[in-house]
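**Q** Below is the file final25.txt, which contains compact mmCIF, N, CA and C atoms.
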```
# COMPACT_ATOMS: atom_id res chain seq x y z
N MET W 1 0.84 -1.18 0.00
CA MET W 1 0.00 0.00 0.00
C MET W 1 0.88 1.23 0.00
N PHE W 2 0.39 2.26 -0.64
CA PHE W 2 1.12 3.51 -0.66
C PHE W 2 0.13 4.66 -0.63
N TYR W 3 0.43 5.66 0.16
CA TYR W 3 -0.40 6.86 0.24
C TYR W 3 0.39 8.02 -0.32
N VAL W 4 -0.18 8.73 -1.29
CA VAL W 4 0.50 9.92 -1.81
C VAL W 4 0.04 11.13 -1.02
N ASN W 5 0.83 12.19 -1.06
CA ASN W 5 0.46 13.38 -0.29
C ASN W 5 -0.66 14.15 -0.98
N THR W 6 -1.15 15.15 -0.30
CA THR W 6 -2.33 15.87 -0.77
C THR W 6 -2.06 16.73 -2.01
N PHE W 7 -0.81 17.00 -2.31
CA PHE W 7 -0.49 17.80 -3.49
C PHE W 7 -0.26 16.95 -4.73
N TRP W 8 -0.16 15.65 -4.56
CA TRP W 8 0.18 14.75 -5.67
C TRP W 8 -0.83 14.85 -6.81
N PHE W 9 -2.12 14.80 -6.51
CA PHE W 9 -3.12 14.84 -7.58
C PHE W 9 -3.12 16.19 -8.29
N THR W 10 -2.95 17.27 -7.55
CA THR W 10 -2.89 18.60 -8.18
C THR W 10 -1.70 18.66 -9.14
N ASN W 11 -0.54 18.19 -8.70
CA ASN W 11 0.64 18.16 -9.58
C ASN W 11 0.41 17.26 -10.78
N ALA W 12 -0.20 16.10 -10.56
CA ALA W 12 -0.48 15.18 -11.66
C ALA W 12 -1.42 15.83 -12.67
N SER W 13 -2.43 16.54 -12.20
CA SER W 13 -3.39 17.21 -13.10
C SER W 13 -2.68 18.24 -13.98
N GLU W 14 -1.81 19.03 -13.37
CA GLU W 14 -1.07 20.04 -14.14
C GLU W 14 -0.16 19.39 -15.17
N LEU W 15 0.51 18.31 -14.79
CA LEU W 15 1.42 17.62 -15.71
C LEU W 15 0.66 16.98 -16.87
N VAL W 16 -0.46 16.36 -16.59
CA VAL W 16 -1.25 15.75 -17.66
C VAL W 16 -1.76 16.81 -18.61
N ALA W 17 -2.17 17.98 -18.09
CA ALA W 17 -2.62 19.07 -18.96
C ALA W 17 -1.49 19.51 -19.89
N ARG W 18 -0.28 19.62 -19.35
CA ARG W 18 0.87 19.99 -20.19
C ARG W 18 1.18 18.90 -21.21
N TYR W 19 1.14 17.65 -20.75
CA TYR W 19 1.44 16.54 -21.64
C TYR W 19 0.41 16.46 -22.76
N ASP W 20 -0.86 16.69 -22.44
CA ASP W 20 -1.93 16.67 -23.44
C ASP W 20 -1.72 17.73 -24.52
N LYS W 21 -1.07 18.84 -24.16
CA LYS W 21 -0.86 19.93 -25.12
C LYS W 21 0.30 19.65 -26.08
N LYS W 22 1.09 18.66 -25.81
CA LYS W 22 2.21 18.21 -26.66
C LYS W 22 3.37 19.21 -26.76
N ASN W 23 3.11 20.52 -26.80
CA ASN W 23 4.22 21.45 -26.94
C ASN W 23 5.07 21.53 -25.66
N HIS W 24 4.55 21.01 -24.56
CA HIS W 24 5.32 20.95 -23.33
C HIS W 24 5.59 19.50 -22.92
N ALA W 25 5.47 18.59 -23.86
CA ALA W 25 5.54 17.16 -23.54
C ALA W 25 6.89 16.77 -22.92
N GLU W 26 7.99 17.29 -23.45
CA GLU W 26 9.30 16.90 -22.94
C GLU W 26 9.48 17.38 -21.50
N GLU W 27 9.10 18.63 -21.23
CA GLU W 27 9.17 19.17 -19.87
C GLU W 27 8.26 18.36 -18.93
N ALA W 28 7.08 18.02 -19.42
CA ALA W 28 6.14 17.25 -18.60
C ALA W 28 6.70 15.87 -18.29
N MET W 29 7.35 15.24 -19.25
CA MET W 29 7.89 13.90 -19.01
C MET W 29 8.95 13.90 -17.91
N ILE W 30 9.76 14.93 -17.85
CA ILE W 30 10.77 15.04 -16.79
C ILE W 30 10.07 15.11 -15.43
N LYS W 31 9.02 15.93 -15.36
CA LYS W 31 8.30 16.06 -14.10
C LYS W 31 7.49 14.81 -13.79
N ILE W 32 7.01 14.12 -14.80
CA ILE W 32 6.27 12.88 -14.59
C ILE W 32 7.19 11.81 -14.00
N THR W 33 8.46 11.81 -14.41
CA THR W 33 9.43 10.89 -13.82
C THR W 33 9.55 11.16 -12.32
N ARG W 34 9.58 12.44 -11.96
CA ARG W 34 9.62 12.79 -10.53
C ARG W 34 8.35 12.34 -9.82
N LEU W 35 7.23 12.50 -10.50
CA LEU W 35 5.94 12.08 -9.93
C LEU W 35 5.94 10.58 -9.69
N ARG W 36 6.44 9.82 -10.68
CA ARG W 36 6.54 8.37 -10.53
C ARG W 36 7.41 8.01 -9.34
N LYS W 37 8.53 8.69 -9.21
CA LYS W 37 9.44 8.39 -8.11
C LYS W 37 8.84 8.78 -6.77
N SER W 38 7.88 9.71 -6.78
CA SER W 38 7.21 10.05 -5.51
C SER W 38 6.29 8.92 -5.07
N ILE W 39 5.85 8.07 -6.01
CA ILE W 39 5.03 6.91 -5.65
C ILE W 39 5.93 5.78 -5.18
N CYS W 40 7.01 5.57 -5.90
CA CYS W 40 7.86 4.43 -5.58
C CYS W 40 9.31 4.85 -5.84
N PRO W 41 9.94 5.53 -4.88
CA PRO W 41 11.25 6.13 -5.12
C PRO W 41 12.36 5.16 -5.47
N GLU W 42 12.23 3.89 -5.08
CA GLU W 42 13.31 2.94 -5.35
C GLU W 42 13.31 2.45 -6.78
N LEU W 43 12.28 2.82 -7.55
CA LEU W 43 12.22 2.35 -8.93
C LEU W 43 13.18 3.11 -9.84
N HIS W 44 13.75 2.39 -10.77
CA HIS W 44 14.57 2.98 -11.81
C HIS W 44 13.88 2.71 -13.13
N ASP W 45 14.25 3.43 -14.17
CA ASP W 45 13.58 3.29 -15.45
C ASP W 45 13.57 1.85 -15.97
N GLU W 46 14.65 1.10 -15.71
CA GLU W 46 14.73 -0.24 -16.29
C GLU W 46 13.81 -1.25 -15.60
N ASP W 47 13.33 -0.96 -14.41
CA ASP W 47 12.43 -1.92 -13.77
C ASP W 47 11.12 -1.27 -13.30
N MET W 48 10.56 -0.43 -14.16
CA MET W 48 9.36 0.32 -13.78
C MET W 48 8.21 -0.57 -13.35
N GLN W 49 8.09 -1.77 -13.89
CA GLN W 49 6.96 -2.60 -13.52
C GLN W 49 7.31 -3.60 -12.41
N GLY W 50 8.55 -3.57 -11.97
CA GLY W 50 8.97 -4.58 -11.03
C GLY W 50 8.40 -4.48 -9.62
N ASN W 51 8.41 -3.31 -9.03
CA ASN W 51 8.10 -3.20 -7.61
C ASN W 51 7.03 -2.19 -7.28
N LEU W 52 6.10 -1.96 -8.17
CA LEU W 52 5.07 -0.97 -7.89
C LEU W 52 4.16 -1.45 -6.76
N PRO W 53 3.69 -0.52 -5.94
CA PRO W 53 2.76 -0.92 -4.88
C PRO W 53 1.46 -1.43 -5.49
N THR W 54 0.79 -2.32 -4.78
CA THR W 54 -0.47 -2.89 -5.27
C THR W 54 -1.61 -1.90 -5.13
N TRP W 55 -1.63 -1.15 -4.05
CA TRP W 55 -2.68 -0.17 -3.78
C TRP W 55 -2.04 1.21 -3.65
N ILE W 56 -2.62 2.20 -4.30
CA ILE W 56 -2.18 3.59 -4.14
C ILE W 56 -3.41 4.40 -3.78
N PHE W 57 -3.34 5.10 -2.65
CA PHE W 57 -4.46 5.93 -2.19
C PHE W 57 -4.15 7.39 -2.48
N VAL W 58 -5.07 8.05 -3.17
CA VAL W 58 -4.85 9.42 -3.65
C VAL W 58 -5.93 10.34 -3.09
N PRO W 59 -5.61 11.15 -2.07
CA PRO W 59 -6.58 12.14 -1.62
C PRO W 59 -6.69 13.26 -2.67
N ILE W 60 -7.91 13.69 -2.92
CA ILE W 60 -8.15 14.72 -3.94
C ILE W 60 -8.85 15.90 -3.29
N HIS W 61 -8.29 17.09 -3.52
CA HIS W 61 -8.90 18.29 -2.97
C HIS W 61 -9.20 19.26 -4.11
N GLY W 62 -10.40 19.77 -4.14
CA GLY W 62 -10.80 20.77 -5.12
C GLY W 62 -12.20 21.25 -4.81
N LYS W 63 -12.49 22.48 -5.16
CA LYS W 63 -13.80 23.08 -4.91
C LYS W 63 -14.17 22.98 -3.42
N ASN W 64 -13.18 23.22 -2.55
CA ASN W 64 -13.38 23.15 -1.10
C ASN W 64 -13.97 21.83 -0.64
N HIS W 65 -13.52 20.74 -1.27
CA HIS W 65 -14.05 19.43 -0.94
C HIS W 65 -12.95 18.38 -1.10
N TRP W 66 -12.97 17.37 -0.22
CA TRP W 66 -12.05 16.25 -0.27
C TRP W 66 -12.77 14.99 -0.72
N SER W 67 -12.11 14.22 -1.55
CA SER W 67 -12.58 12.88 -1.89
C SER W 67 -11.35 11.98 -1.99
N LEU W 68 -11.55 10.72 -2.31
CA LEU W 68 -10.45 9.77 -2.33
C LEU W 68 -10.51 8.92 -3.59
N ALA W 69 -9.37 8.78 -4.24
CA ALA W 69 -9.26 7.85 -5.36
C ALA W 69 -8.36 6.70 -4.91
N ILE W 70 -8.69 5.51 -5.38
CA ILE W 70 -7.89 4.34 -5.08
C ILE W 70 -7.44 3.72 -6.40
N ILE W 71 -6.15 3.46 -6.51
CA ILE W 71 -5.60 2.78 -7.67
C ILE W 71 -5.19 1.38 -7.23
N ARG W 72 -5.63 0.40 -7.94
CA ARG W 72 -5.27 -1.00 -7.65
C ARG W 72 -4.49 -1.52 -8.85
N LEU W 73 -3.24 -1.86 -8.66
CA LEU W 73 -2.41 -2.41 -9.73
C LEU W 73 -2.28 -3.91 -9.55
N HIS W 74 -2.47 -4.63 -10.65
CA HIS W 74 -2.32 -6.08 -10.59
C HIS W 74 -1.82 -6.57 -11.94
N ASN W 75 -0.62 -7.12 -11.97
CA ASN W 75 0.01 -7.59 -13.21
C ASN W 75 -0.01 -6.48 -14.25
N ASP W 76 -0.67 -6.70 -15.38
CA ASP W 76 -0.67 -5.70 -16.46
C ASP W 76 -1.96 -4.90 -16.53
N ASP W 77 -2.75 -4.90 -15.49
CA ASP W 77 -3.97 -4.12 -15.55
C ASP W 77 -4.12 -3.28 -14.28
N ALA W 78 -5.11 -2.39 -14.30
CA ALA W 78 -5.34 -1.49 -13.18
C ALA W 78 -6.83 -1.26 -13.02
N TRP W 79 -7.18 -0.89 -11.83
CA TRP W 79 -8.56 -0.58 -11.48
C TRP W 79 -8.53 0.73 -10.71
N LEU W 80 -9.43 1.65 -11.06
CA LEU W 80 -9.53 2.93 -10.38
C LEU W 80 -10.90 3.02 -9.72
N ALA W 81 -10.92 3.55 -8.53
CA ALA W 81 -12.20 3.78 -7.85
C ALA W 81 -12.18 5.19 -7.27
N HIS W 82 -13.36 5.79 -7.24
CA HIS W 82 -13.50 7.11 -6.64
C HIS W 82 -14.52 7.00 -5.51
N LEU W 83 -14.14 7.50 -4.36
CA LEU W 83 -15.00 7.48 -3.18
C LEU W 83 -15.26 8.93 -2.78
N ASP W 84 -16.53 9.30 -2.71
CA ASP W 84 -16.88 10.69 -2.47
C ASP W 84 -18.08 10.76 -1.54
N SER W 85 -17.91 11.46 -0.43
CA SER W 85 -18.99 11.59 0.55
C SER W 85 -20.01 12.65 0.15
N SER W 86 -19.76 13.31 -0.96
CA SER W 86 -20.70 14.30 -1.50
C SER W 86 -20.70 14.14 -3.02
N GLN W 87 -21.35 13.09 -3.49
CA GLN W 87 -21.34 12.73 -4.92
C GLN W 87 -21.64 13.94 -5.80
N GLY W 88 -20.86 14.07 -6.87
CA GLY W 88 -21.10 15.13 -7.85
C GLY W 88 -20.33 16.41 -7.61
N THR W 89 -19.62 16.50 -6.50
CA THR W 89 -18.87 17.73 -6.23
C THR W 89 -17.63 17.82 -7.12
N HIS W 90 -16.95 16.70 -7.31
CA HIS W 90 -15.76 16.67 -8.17
C HIS W 90 -16.11 16.17 -9.56
N ASP W 91 -15.32 16.61 -10.54
CA ASP W 91 -15.50 16.19 -11.92
C ASP W 91 -14.89 14.80 -12.09
N LEU W 92 -15.73 13.79 -12.04
CA LEU W 92 -15.27 12.40 -12.08
C LEU W 92 -14.54 12.07 -13.37
N GLU W 93 -15.04 12.57 -14.49
CA GLU W 93 -14.39 12.31 -15.78
C GLU W 93 -12.96 12.86 -15.79
N ALA W 94 -12.78 14.06 -15.26
CA ALA W 94 -11.44 14.67 -15.22
C ALA W 94 -10.51 13.89 -14.28
N ILE W 95 -11.04 13.45 -13.14
CA ILE W 95 -10.22 12.67 -12.19
C ILE W 95 -9.75 11.38 -12.85
N PHE W 96 -10.67 10.65 -13.47
CA PHE W 96 -10.28 9.40 -14.11
C PHE W 96 -9.32 9.64 -15.28
N HIS W 97 -9.52 10.73 -16.04
CA HIS W 97 -8.60 11.03 -17.15
C HIS W 97 -7.18 11.22 -16.62
N VAL W 98 -7.03 12.03 -15.58
CA VAL W 98 -5.70 12.29 -15.02
C VAL W 98 -5.07 10.99 -14.52
N LEU W 99 -5.81 10.21 -13.76
CA LEU W 99 -5.25 8.99 -13.19
C LEU W 99 -4.89 7.97 -14.27
N LYS W 100 -5.73 7.85 -15.30
CA LYS W 100 -5.42 6.91 -16.39
C LYS W 100 -4.18 7.37 -17.16
N GLN W 101 -4.06 8.66 -17.42
CA GLN W 101 -2.89 9.17 -18.13
C GLN W 101 -1.63 8.97 -17.31
N VAL W 102 -1.70 9.24 -16.01
CA VAL W 102 -0.53 9.06 -15.15
C VAL W 102 -0.14 7.58 -15.12
N LEU W 103 -1.13 6.70 -15.02
CA LEU W 103 -0.81 5.26 -15.05
C LEU W 103 -0.12 4.89 -16.36
N TRP W 104 -0.60 5.42 -17.46
CA TRP W 104 -0.01 5.12 -18.77
C TRP W 104 1.43 5.63 -18.83
N LEU W 105 1.66 6.79 -18.23
CA LEU W 105 3.00 7.39 -18.31
C LEU W 105 3.99 6.79 -17.33
N ILE W 106 3.53 6.31 -16.19
CA ILE W 106 4.49 5.84 -15.19
C ILE W 106 4.58 4.33 -15.08
N VAL W 107 3.60 3.56 -15.54
CA VAL W 107 3.67 2.12 -15.32
C VAL W 107 4.26 1.38 -16.51
N PRO W 108 3.93 1.43 -17.72
CA PRO W 108 2.77 1.98 -18.40
C PRO W 108 1.64 0.95 -18.55
N ILE W 109 0.43 1.42 -18.40
CA ILE W 109 -0.76 0.61 -18.61
C ILE W 109 -1.64 1.34 -19.61
N ASP W 110 -2.10 0.63 -20.63
CA ASP W 110 -2.95 1.22 -21.66
C ASP W 110 -4.22 1.76 -21.00
N PRO W 111 -4.51 3.08 -21.15
CA PRO W 111 -5.70 3.67 -20.53
C PRO W 111 -7.00 2.96 -20.92
N ALA W 112 -7.04 2.38 -22.11
CA ALA W 112 -8.26 1.70 -22.55
C ALA W 112 -8.53 0.43 -21.73
N LEU W 113 -7.50 -0.10 -21.09
CA LEU W 113 -7.64 -1.33 -20.32
C LEU W 113 -7.90 -1.10 -18.83
N VAL W 114 -7.91 0.16 -18.42
CA VAL W 114 -8.10 0.48 -17.01
C VAL W 114 -9.59 0.44 -16.68
N MET W 115 -9.94 -0.36 -15.69
CA MET W 115 -11.33 -0.42 -15.25
C MET W 115 -11.57 0.70 -14.23
N MET W 116 -12.76 1.27 -14.27
CA MET W 116 -13.08 2.38 -13.38
C MET W 116 -14.40 2.12 -12.67
N GLY W 117 -14.53 2.67 -11.50
CA GLY W 117 -15.78 2.51 -10.77
C GLY W 117 -15.94 3.56 -9.70
N ILE W 118 -17.17 3.70 -9.29
CA ILE W 118 -17.50 4.60 -8.19
C ILE W 118 -17.95 3.71 -7.04
N MET W 119 -17.36 3.89 -5.89
CA MET W 119 -17.74 3.09 -4.74
C MET W 119 -18.76 3.86 -3.91
N ASN W 120 -19.81 3.20 -3.54
CA ASN W 120 -20.82 3.83 -2.69
C ASN W 120 -20.28 3.93 -1.27
N VAL W 121 -20.29 5.13 -0.76
CA VAL W 121 -19.84 5.37 0.61
C VAL W 121 -20.88 6.21 1.33
N GLU W 122 -20.77 6.24 2.63
CA GLU W 122 -21.68 7.06 3.43
C GLU W 122 -21.59 8.52 2.98
N GLN W 123 -22.73 9.14 2.79
CA GLN W 123 -22.77 10.53 2.35
C GLN W 123 -22.80 11.45 3.56
N GLN W 124 -22.03 12.51 3.48
CA GLN W 124 -22.00 13.46 4.59
C GLN W 124 -23.32 14.23 4.65
N GLN W 125 -23.70 14.59 5.85
CA GLN W 125 -24.97 15.28 6.06
C GLN W 125 -24.78 16.78 6.23
N ASP W 126 -23.54 17.22 6.12
CA ASP W 126 -23.25 18.64 6.29
C ASP W 126 -22.31 19.09 5.18
N GLY W 127 -21.85 20.28 5.22
CA GLY W 127 -20.97 20.79 4.17
C GLY W 127 -19.52 20.89 4.58
N HIS W 128 -19.14 20.21 5.67
CA HIS W 128 -17.77 20.40 6.15
C HIS W 128 -17.07 19.15 6.66
N SER W 129 -17.66 17.99 6.62
CA SER W 129 -17.01 16.81 7.20
C SER W 129 -16.36 15.90 6.16
N CYS W 130 -16.11 16.40 4.97
CA CYS W 130 -15.53 15.56 3.91
C CYS W 130 -14.14 15.04 4.28
N GLY W 131 -13.33 15.85 4.95
CA GLY W 131 -12.00 15.40 5.36
C GLY W 131 -12.08 14.22 6.31
N LYS W 132 -13.00 14.28 7.25
CA LYS W 132 -13.20 13.17 8.19
C LYS W 132 -13.63 11.92 7.43
N HIS W 133 -14.50 12.09 6.44
CA HIS W 133 -14.95 10.94 5.64
C HIS W 133 -13.79 10.31 4.86
N VAL W 134 -12.91 11.15 4.31
CA VAL W 134 -11.75 10.61 3.58
C VAL W 134 -10.87 9.80 4.52
N LEU W 135 -10.62 10.31 5.72
CA LEU W 135 -9.81 9.57 6.68
C LEU W 135 -10.47 8.24 7.06
N GLN W 136 -11.79 8.25 7.23
CA GLN W 136 -12.51 7.00 7.54
C GLN W 136 -12.43 6.02 6.38
N MET W 137 -12.52 6.54 5.14
CA MET W 137 -12.43 5.66 3.97
C MET W 137 -11.03 5.06 3.87
N LEU W 138 -10.00 5.87 4.13
CA LEU W 138 -8.62 5.36 4.12
C LEU W 138 -8.44 4.28 5.18
N ALA W 139 -8.93 4.53 6.37
CA ALA W 139 -8.78 3.55 7.45
C ALA W 139 -9.53 2.25 7.09
N GLY W 140 -10.74 2.39 6.54
CA GLY W 140 -11.51 1.22 6.17
C GLY W 140 -10.84 0.41 5.09
N ALA W 141 -10.30 1.08 4.08
CA ALA W 141 -9.62 0.37 3.00
C ALA W 141 -8.36 -0.33 3.50
N ALA W 142 -7.61 0.33 4.37
CA ALA W 142 -6.39 -0.26 4.91
C ALA W 142 -6.71 -1.49 5.76
N MET W 143 -7.79 -1.41 6.53
CA MET W 143 -8.17 -2.54 7.39
C MET W 143 -8.60 -3.74 6.55
N LYS W 144 -9.30 -3.49 5.43
CA LYS W 144 -9.74 -4.59 4.57
C LYS W 144 -8.56 -5.28 3.91
N GLU W 145 -7.56 -4.50 3.52
CA GLU W 145 -6.40 -5.07 2.83
C GLU W 145 -5.47 -5.68 3.84
```
Write the structure described by the file as structure tokens, please.
**A**
Amino acid sequence: MFYVNTFWFTNASELVARYDKKNHAEEAMIKITRLRKSICPELHDEDMQGNLPTWIFVPIHGKNHWSLAIIRLHNDDAWLAHLDSSQGTHDLEAIFHVLKQVLWLIVPIDPALVMMGIMNVEQQQDGHSCGKHVLQMLAGAAMKE
């Protein structure tokens, strides 16, 4: 299991946007290598698929709201899940696009082969407990694994 810091997804989003534009692709690839090493620092280019963590937990912050993405790596495929205590607050399509592109760039896994899903979680009853819900989701996922 591996937990990335709270800035990881924001950095990944910016890098994917640059990479998508192609005119900054080389600069983005250098930073993507750093991003990959932030997930698994002991990896070198020659063994990128050798020692990747099986589970990667990605806290996502945007629009004054926290949610959680989970990446599950297994052999040559991946599964992405989004857990949100306030469904619809985050742009799910954009989140999955960023995560699929990052997986393609750092593992590499063909984005077309990545399975995606939304996990039903307890919905918050107020406008401010999303952080607590993310921590509970992280604890629950860690206990199950």
**Q** Could you give me, as a JSON list (two decimals) with N, CA and C atoms, in the frame of the given file, each residue of segment 92-142 of chain W that DSSP assigns to alpha helix (DSSP H) when run on this structure's backbone?
**A**
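The resulting result04.json:
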```
[["chain", "number", "residue", "atom", "x", "y", "z"],
["W", 92, "LEU", "N", -15.73, 13.79, -12.04],
["W", 92, "LEU", "CA", -15.27, 12.40, -12.08],
["W", 92, "LEU", "C", -14.54, 12.07, -13.37],
["W", 93, "GLU", "N", -15.04, 12.57, -14.49],
["W", 93, "GLU", "CA", -14.39, 12.31, -15.78],
["W", 93, "GLU", "C", -12.96, 12.86, -15.79],
["W", 94, "ALA", "N", -12.78, 14.06, -15.26],
["W", 94, "ALA", "CA", -11.44, 14.67, -15.22],
["W", 94, "ALA", "C", -10.51, 13.89, -14.28],
["W", 95, "ILE", "N", -11.04, 13.45, -13.14],
["W", 95, "ILE", "CA", -10.22, 12.67, -12.19],
["W", 95, "ILE", "C", -9.75, 11.38, -12.85],
["W", 96, "PHE", "N", -10.67, 10.65, -13.47],
["W", 96, "PHE", "CA", -10.28, 9.40, -14.11],
["W", 96, "PHE", "C", -9.32, 9.64, -15.28],
["W", 97, "HIS", "N", -9.52, 10.73, -16.04],
["W", 97, "HIS", "CA", -8.60, 11.03, -17.15],
["W", 97, "HIS", "C", -7.18, 11.22, -16.62],
["W", 98, "VAL", "N", -7.03, 12.03, -15.58],
["W", 98, "VAL", "CA", -5.70, 12.29, -15.02],
["W", 98, "VAL", "C", -5.07, 10.99, -14.52],
["W", 99, "LEU", "N", -5.81, 10.21, -13.76],
["W", 99, "LEU", "CA", -5.25, 8.99, -13.19],
["W", 99, "LEU", "C", -4.89, 7.97, -14.27],
["W", 100, "LYS", "N", -5.73, 7.85, -15.30],
["W", 100, "LYS", "CA", -5.42, 6.91, -16.39],
["W", 100, "LYS", "C", -4.18, 7.37, -17.16],
["W", 101, "GLN", "N", -4.06, 8.66, -17.42],
["W", 101, "GLN", "CA", -2.89, 9.17, -18.13],
["W", 101, "GLN", "C", -1.63, 8.97, -17.31],
["W", 102, "VAL", "N", -1.70, 9.24, -16.01],
["W", 102, "VAL", "CA", -0.53, 9.06, -15.15],
["W", 102, "VAL", "C", -0.14, 7.58, -15.12],
["W", 103, "LEU", "N", -1.13, 6.70, -15.02],
["W", 103, "LEU", "CA", -0.81, 5.26, -15.05],
["W", 103, "LEU", "C", -0.12, 4.89, -16.36],
["W", 104, "TRP", "N", -0.60, 5.42, -17.46],
["W", 104, "TRP", "CA", -0.01, 5.12, -18.77],
["W", 104, "TRP", "C", 1.43, 5.63, -18.83],
["W", 105, "LEU", "N", 1.66, 6.79, -18.23],
["W", 105, "LEU", "CA", 3.00, 7.39, -18.31],
["W", 105, "LEU", "C", 3.99, 6.79, -17.33],
["W", 106, "ILE", "N", 3.53, 6.31, -16.19],
["W", 106, "ILE", "CA", 4.49, 5.84, -15.19],
["W", 106, "ILE", "C", 4.58, 4.33, -15.08],
["W", 130, "CYS", "N", -16.11, 16.40, 4.97],
["W", 130, "CYS", "CA", -15.53, 15.56, 3.91],
["W", 130, "CYS", "C", -14.14, 15.04, 4.28],
["W", 131, "GLY", "N", -13.33, 15.85, 4.95],
["W", 131, "GLY", "CA", -12.00, 15.40, 5.36],
["W", 131, "GLY", "C", -12.08, 14.22, 6.31],
["W", 132, "LYS", "N", -13.00, 14.28, 7.25],
["W", 132, "LYS", "CA", -13.20, 13.17, 8.19],
["W", 132, "LYS", "C", -13.63, 11.92, 7.43],
["W", 133, "HIS", "N", -14.50, 12.09, 6.44],
["W", 133, "HIS", "CA", -14.95, 10.94, 5.64],
["W", 133, "HIS", "C", -13.79, 10.31, 4.86],
["W", 134, "VAL", "N", -12.91, 11.15, 4.31],
["W", 134, "VAL", "CA", -11.75, 10.61, 3.58],
["W", 134, "VAL", "C", -10.87, 9.80, 4.52],
["W", 135, "LEU", "N", -10.62, 10.31, 5.72],
["W", 135, "LEU", "CA", -9.81, 9.57, 6.68],
["W", 135, "LEU", "C", -10.47, 8.24, 7.06],
["W", 136, "GLN", "N", -11.79, 8.25, 7.23],
["W", 136, "GLN", "CA", -12.51, 7.00, 7.54],
["W", 136, "GLN", "C", -12.43, 6.02, 6.38],
["W", 137, "MET", "N", -12.52, 6.54, 5.14],
["W", 137, "MET", "CA", -12.43, 5.66, 3.97],
["W", 137, "MET", "C", -11.03, 5.06, 3.87],
["W", 138, "LEU", "N", -10.00, 5.87, 4.13],
["W", 138, "LEU", "CA", -8.62, 5.36, 4.12],
["W", 138, "LEU", "C", -8.44, 4.28, 5.18],
["W", 139, "ALA", "N", -8.93, 4.53, 6.37],
["W", 139, "ALA", "CA", -8.78, 3.55, 7.45],
["W", 139, "ALA", "C", -9.53, 2.25, 7.09],
["W", 140, "GLY", "N", -10.74, 2.39, 6.54],
["W", 140, "GLY", "CA", -11.51, 1.22, 6.17],
["W", 140, "GLY", "C", -10.84, 0.41, 5.09],
["W", 141, "ALA", "N", -10.30, 1.08, 4.08],
["W", 141, "ALA", "CA", -9.62, 0.37, 3.00],
["W", 141, "ALA", "C", -8.36, -0.33, 3.50],
["W", 142, "ALA", "N", -7.61, 0.33, 4.37],
["W", 142, "ALA", "CA", -6.39, -0.26, 4.91],
["W", 142, "ALA", "C", -6.71, -1.49, 5.76]]
```
**Q** For a cutoff of 8 Å around the file-coordinate point (-12.6, 9.1, -1.6), which residues qualify once you count only C-alpha atoms? I'd like the result as a JSON list (two decimals) with N, CA and C atoms, in the coordinates of the input.
**A**
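File written: part-v3.json
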```
[["chain", "number", "residue", "atom", "x", "y", "z"],
["W", 59, "PRO", "N", -5.61, 11.15, -2.07],
["W", 59, "PRO", "CA", -6.58, 12.14, -1.62],
["W", 59, "PRO", "C", -6.69, 13.26, -2.67],
["W", 60, "ILE", "N", -7.91, 13.69, -2.92],
["W", 60, "ILE", "CA", -8.15, 14.72, -3.94],
["W", 60, "ILE", "C", -8.85, 15.90, -3.29],
["W", 66, "TRP", "N", -12.97, 17.37, -0.22],
["W", 66, "TRP", "CA", -12.05, 16.25, -0.27],
["W", 66, "TRP", "C", -12.77, 14.99, -0.72],
["W", 67, "SER", "N", -12.11, 14.22, -1.55],
["W", 67, "SER", "CA", -12.58, 12.88, -1.89],
["W", 67, "SER", "C", -11.35, 11.98, -1.99],
["W", 68, "LEU", "N", -11.55, 10.72, -2.31],
["W", 68, "LEU", "CA", -10.45, 9.77, -2.33],
["W", 68, "LEU", "C", -10.51, 8.92, -3.59],
["W", 69, "ALA", "N", -9.37, 8.78, -4.24],
["W", 69, "ALA", "CA", -9.26, 7.85, -5.36],
["W", 69, "ALA", "C", -8.36, 6.70, -4.91],
["W", 70, "ILE", "N", -8.69, 5.51, -5.38],
["W", 70, "ILE", "CA", -7.89, 4.34, -5.08],
["W", 70, "ILE", "C", -7.44, 3.72, -6.40],
["W", 82, "HIS", "N", -13.36, 5.79, -7.24],
["W", 82, "HIS", "CA", -13.50, 7.11, -6.64],
["W", 82, "HIS", "C", -14.52, 7.00, -5.51],
["W", 83, "LEU", "N", -14.14, 7.50, -4.36],
["W", 83, "LEU", "CA", -15.00, 7.48, -3.18],
["W", 83, "LEU", "C", -15.26, 8.93, -2.78],
["W", 84, "ASP", "N", -16.53, 9.30, -2.71],
["W", 84, "ASP", "CA", -16.88, 10.69, -2.47],
["W", 84, "ASP", "C", -18.08, 10.76, -1.54],
["W", 85, "SER", "N", -17.91, 11.46, -0.43],
["W", 85, "SER", "CA", -18.99, 11.59, 0.55],
["W", 85, "SER", "C", -20.01, 12.65, 0.15],
["W", 133, "HIS", "N", -14.50, 12.09, 6.44],
["W", 133, "HIS", "CA", -14.95, 10.94, 5.64],
["W", 133, "HIS", "C", -13.79, 10.31, 4.86],
["W", 134, "VAL", "N", -12.91, 11.15, 4.31],
["W", 134, "VAL", "CA", -11.75, 10.61, 3.58],
["W", 134, "VAL", "C", -10.87, 9.80, 4.52],
["W", 137, "MET", "N", -12.52, 6.54, 5.14],
["W", 137, "MET", "CA", -12.43, 5.66, 3.97],
["W", 137, "MET", "C", -11.03, 5.06, 3.87],
["W", 138, "LEU", "N", -10.00, 5.87, 4.13],
["W", 138, "LEU", "CA", -8.62, 5.36, 4.12],
["W", 138, "LEU", "C", -8.44, 4.28, 5.18]]
```
**Q** Between atom N of Met1 of chain W and atom C of Gly88 of chain W, what is the distance, to one decimal in Å?
**A**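 Atom C of Gly88 of chain W lies at a distance of 28.6 Å from atom N of Met1 of chain W.
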**Q** With only C-alpha atoms as the counted atoms, please give the residues lying no more than 9 Å from His97 of chain W, apart from itself and same-chain residues fewer than 4 positions off, as a ChimeraX atom specification.
**A** /W:16,92-93,101-102,111
**Q** Would you kindly return, as a list in words, each protein, DNA or RNA residue with an atom no farther than 7 Å from any atom of Ile118 of chain W, considering only N, CA and C atoms and excluding same-chain residues fewer than 2 positions away?
**A**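 Once the adjacent positions are removed, what remains is Leu80, Ala81, His82, Leu83, Met116, Asn120 and Val121 of chain W.
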